Each structure stands twice: as structure tokens, then as C-alpha cells.
Amino acid sequence: MQFIDLKTQYSALRESIAARMQRVLDHGQYIMGPEVAELEQQLAAYTGAKHCITVSSGTEALLIALMALDIREGDEVITTPFTFAATAEMIVLAGAKPVFVDIEPDTCNIDARLIEAAITPRTKALMPVSLYGQVADMAEINAIAARHGLAVIEDAAQSFGATYQGRRSCNLSTFGATSFFPSKPLGCYGDGGALFTSDDRLAQAAREIRVHGQSKRYTHTRLGVGGRMDTLQCAVVLAKLERFEWEIERRLRLGARYGELLAASGVQLLAVRPDRDCVWAQYTVLLPDGTRDRVQELLKAEGVPTAVHYPIPLHHQPAYAHLCCPDCCPNSQALARRVMSLPMSADLSEADQERVARALTQALAQVQAATPA
Ligand SMILES: *Cc1c(COP(=O)(O)O)cnc(C)c1O
């Protein structure tokens with residue numbers, strides 16, 4: 001059993017992927033070829049955002065959004081420490097300071113009720129992360145941003161395809177930034193990403209920053225980066241979109257089914273709020289504290305791969321520890337010890353899913369029986 005099954009997806013799309021890649025090789029426009037605009041059009045239509053700007057990765061999407069918003073040295077951006085490093089890393093790389101706000105213990109997303117207390121005169125933006133594929137409390141976050149004149153960047157690297165109050169992730173705030181890293185809900189065969197916005201001026205800025213700040217060829221109006229997505233990778237994502245609707249339905253169904261299968265297992269399930277769904281980029285559960293290492297070992301022995309997203313919150317990482325006191329985000333600290341992700345992809349079979357649930361239930365019972373109360 002694979003943690004993420006990309007092989008079955010490839011066999012289903014093999015001919016389409018080959019044909020689309022062959023077309024790129026034939027026309028030879030490897031950079032900014034017609035597939036780039038075609039993909040941007042389709043993704044904008046899918047999310048409902050006015051503009052989509054493909055970029056070289058999810059990480060670059062975050063950086064370009066910050067640069068387009070003119071966030072720089074002396075500025076602060078409020079985010080969560082319970083995320084992949086890229087979120088805070090790009091804030092630092094833009095010259096600004098990430099300000100960490102703790103998470104809700106039942107969703108692992110930023111706790112919107114704690115944001116306002118972290119706002120200072122230097123705050124320029126809020127950067128919530130739609131972790132595991134569930135959008136954070138965006139209505140509350142947008143309302144706080146409006147009250148204080150701040151921009152909102154959704155780190156939607158894990159949530160492409162998710163819905164929130166009837167709208168798609170990536171079309172919920174000033175900017176939405178997603179990733180097409182192969183294991184994300186919509187992946188390519190290398191690095192790729194996209195930015196979404198409905199603001200014409202910001203879209204234009206992001207397009208220029210993507211190509212070294214050029215407003216036209218060899219006119220460098222602003223500071224930029226080399227941030228384009230390859231035409232070949234855009235061709236791969238175009239092929240993957242052919243079954244994406246089916247894949248999202250399947251992820252939602254498998255997520256609900258994991259919930260049923262694990263209801264009596266002793267693990268705590270993450271909450272999914274009623275006004276949104278979760279596309280389960282990772283199907284993550286909470287184990288009783290102190291059991292994870294042993295449970296992972298037992299599952300591995302049963303042929304069930306697991307992973308931890310993420311074992312150390314960013315405010316405890318050497319590169320970011322100076323930004324915040326060690327006890328400032330107690331939920332993040334506690335949950336980093338308890339989260340564990342199970343195999344998940346649209347092509348996970350029901351039989352394999354049952355095997356995972358059975359193995360996890362047994363492993364946890366065994367570990368708890370061996371632990372003196
Ligand atoms: C994957 C991920 C990123 C970075 O995306 P890349 O395409 O790998 O650069 C950023 N933020 C989060 C939350 C992610 O999961």
C-alpha cells in the first residue's frame with residue numbers, strides 16, 4: 001500500500017498526459033507556451049477567481065503574493081506555526097516578520113479569535129493556512145482584515161478543490177496561493193503552483209513579478225523573481241483536471257468513510273465545520289499523547305505507511321525560534337506530538353482503507369494495553 005497512490009492515477013490518464021506533453025514537445029514553446037494561458041483560464045473558471053497566475057511552486061506563489069502587496073522590512077504578517085515551513089519562510093524572505101498565532105485544537109487551523117490581539121501598527125497581512133484541505137475561518141479572518149485595512153493571503157497549498165460557504169478555496173481572500181507539488185490534491189510531475197486574485201492591479205503586479213518585474217520585455221518596472229511554471233507541467237495539470245471533479249468527490253467520500261471506520265478506534269478525528277468541506281490533502285488523526293512512535297512502528301510492520309504533518313511547530317524550529325516565546329502557542333505544541341497522517345488519495349481502495357482502519361485500531365489497543373495507566 002502506498003501513502004499516496006499516484007500510479008493508478010497515472011495509468012488512468014496515461015494517454016492524455018502523453019498526448020498533451022507530446023504537443024508541447026512539437027510546438028516547442030517550453031516557457032510560457034499556450035498551455036500556460038489555457039491552464040490559467042481553466043483554473044480561474046474552476047475557483048471563480050477573476051485571475052489565475054501560474055508560478056513555479058507553491059512556495060514561490062506565497063513570495064510573489066507578498067511582493068505584489070509590497071510587504072517588506074519592518075512589516076508583520078500574522079500566520080500559524082502549525083504548517084509547512086514555506087508559509088513563514090516566505091514572510092521572512094520578503095523581509096517581514098511572521099507573527100505566530102495559535103491553532104484551534106479540533107481543526108489545527110489558525111484560531112481566528114486570537115488574531116486581533118496580535119495586530120500591531122506594523123501588521124500588513126494575515127496568512128491563514130487551509131491545513132489538511134480544510135479552509136480556516138475565512139469569513140471571520142476577512143472581517144478582521146477589513147476592520148484593520150489588512151490583506152489576506154490564503155495558503156491553499158493543501159486545499160485546492162475545497163469549498164467554504166459555497167465558494168472555492170483560492171477565491172476567498174485578497175490572494176489565494178496553491179501548489180501543484182505531485183502529492184497535493186492537484187499535482188503536476190515536478191514543481192508548480194498558482195496564485196489567484198480578483199484584483200486587477202494585484203494580478204498585474206504578480207504577472208510582472210513572475211518574470212523579473214518586467215512590465216514589457218527588458219523593461220524591469222519592479223523587483224521580481226524567475227517564477228514561471230513550465231509549459232510541460234501546465235500540460236500535465238490540464239490532463240489531471242479531466243478527472244479532478246471525480247477525485248475531489250472521492251476524497252470527500254473516503255474522508256467521511258475514514259471517520260466511520262475509526263469512530264470507535266480510540267483516535268480523535270479532526271472536526272470539519274458544517275459550512276465547509278475538507279479535501280484531505282492528508283488524512284490526519286490525533287493519537288493519545290505518547291503513543292505515536294509505537295503506533296507508527298506497529299502500522300509499518302503491517303505494511304501501512306504513515307507520516308507526520310508536522311512534528312515540530314515552526315516557533316520551535318531553530319530558524320524561527322527567536323520570533324516568538326516557546327510557550328506562545330500551546331495548542332500547536334501539544335498537537336505536533338499527536339498528529340499522524342494515514343494513506344489517502346483518490347485511488348485508495350475501500351479494501352485498503354479498511355485494512356488501515358483495522359491495523360490502526362489494533363495497534364492503538366496494543367500500545368494502550370502495554371502502557372501502565
Ligand atoms: C506544500 C506546501 C507549501 C509549498 O508548496 P511547494 O509547491 O512545495 O513549494 C506551502 N504551504 C503549505 C501549507 C504546503 O503544504
# chains A, B, ... in the order shown; residues from 1 in each chain; ligands from 1

call {"tool": "closest_atom_pairs", "arguments": {"of": "chain A", "to": "ligand 1", "cutoff": "7 Å", "atoms": "only C-alpha atoms and all ligand atoms", "output": "Markdown table"}}
result
| residue | atom | partner | partner_atom_place_in_ligand_line | distance |
| --- | --- | --- | --- | --- |
| A:Ser57 | CA | ligand 1 | 7 (O) | 4.0 |
| A:Gly58 | CA | ligand 1 | 7 (O) | 3.5 |
| A:Thr59 | CA | ligand 1 | 9 (O) | 3.6 |
| A:Glu60 | CA | ligand 1 | 9 (O) | 6.4 |
| A:Thr83 | CA | ligand 1 | 13 (C) | 5.3 |
| A:Phe84 | CA | ligand 1 | 13 (C) | 4.9 |
| A:Ala86 | CA | ligand 1 | 10 (C) | 4.9 |
| A:Thr87 | CA | ligand 1 | 11 (N) | 5.2 |
| A:Val129 | CA | ligand 1 | 13 (C) | 6.0 |
| A:Leu131 | CA | ligand 1 | 13 (C) | 6.2 |
| A:Asp155 | CA | ligand 1 | 11 (N) | 5.9 |
| A:Ala156 | CA | ligand 1 | 13 (C) | 6.8 |
| A:Ala157 | CA | ligand 1 | 14 (C) | 4.7 |
| A:Gln158 | CA | ligand 1 | 15 (O) | 5.2 |
| A:Ser179 | CA | ligand 1 | 7 (O) | 4.2 |
| A:Phe180 | CA | ligand 1 | 7 (O) | 5.7 |
| A:Phe181 | CA | ligand 1 | 7 (O) | 4.7 |
| A:Asp191 | CA | ligand 1 | 7 (O) | 5.8 |
| A:Gly192 | CA | ligand 1 | 7 (O) | 5.8 |
| A:Gly193 | CA | ligand 1 | 7 (O) | 5.8 |

call {"tool": "closest_atom_pairs", "arguments": {"of": "range 112-214 of chain A", "to": "range 17-37 of chain A", "cutoff": "12 Å", "atoms": "only C-alpha atoms", "output": "tab-separated table"}}
result
residue	atom	partner	partner_atom	distance
A:Cys188	CA	A:Ile17	CA	10.5
A:Tyr189	CA	A:Ile17	CA	10.5
A:Gly192	CA	A:Val36	CA	11.3
A:Gly193	CA	A:Val36	CA	11.6
A:Ala194	CA	A:Val36	CA	10.8
A:Arg207	CA	A:Met32	CA	11.7
A:Arg210	CA	A:Met32	CA	11.2
A:Val211	CA	A:Met32	CA	10.4

call {"tool": "select_by_dssp", "arguments": {"residues": "range 70-119 of chain A", "states": "strand (DSSP E or B)", "output": "PyMOL selection string"}}
result
chain A and resi 76-79+97-100+103+110

call {"tool": "residues_around", "arguments": {"residues": "Arg292 in chain A", "least_positions_apart": "3", "cutoff": "8 Å", "atoms": "only C-alpha atoms", "output": "number ranges by chain"}}
result
A: 287-289, 295-296, 337-338, 340
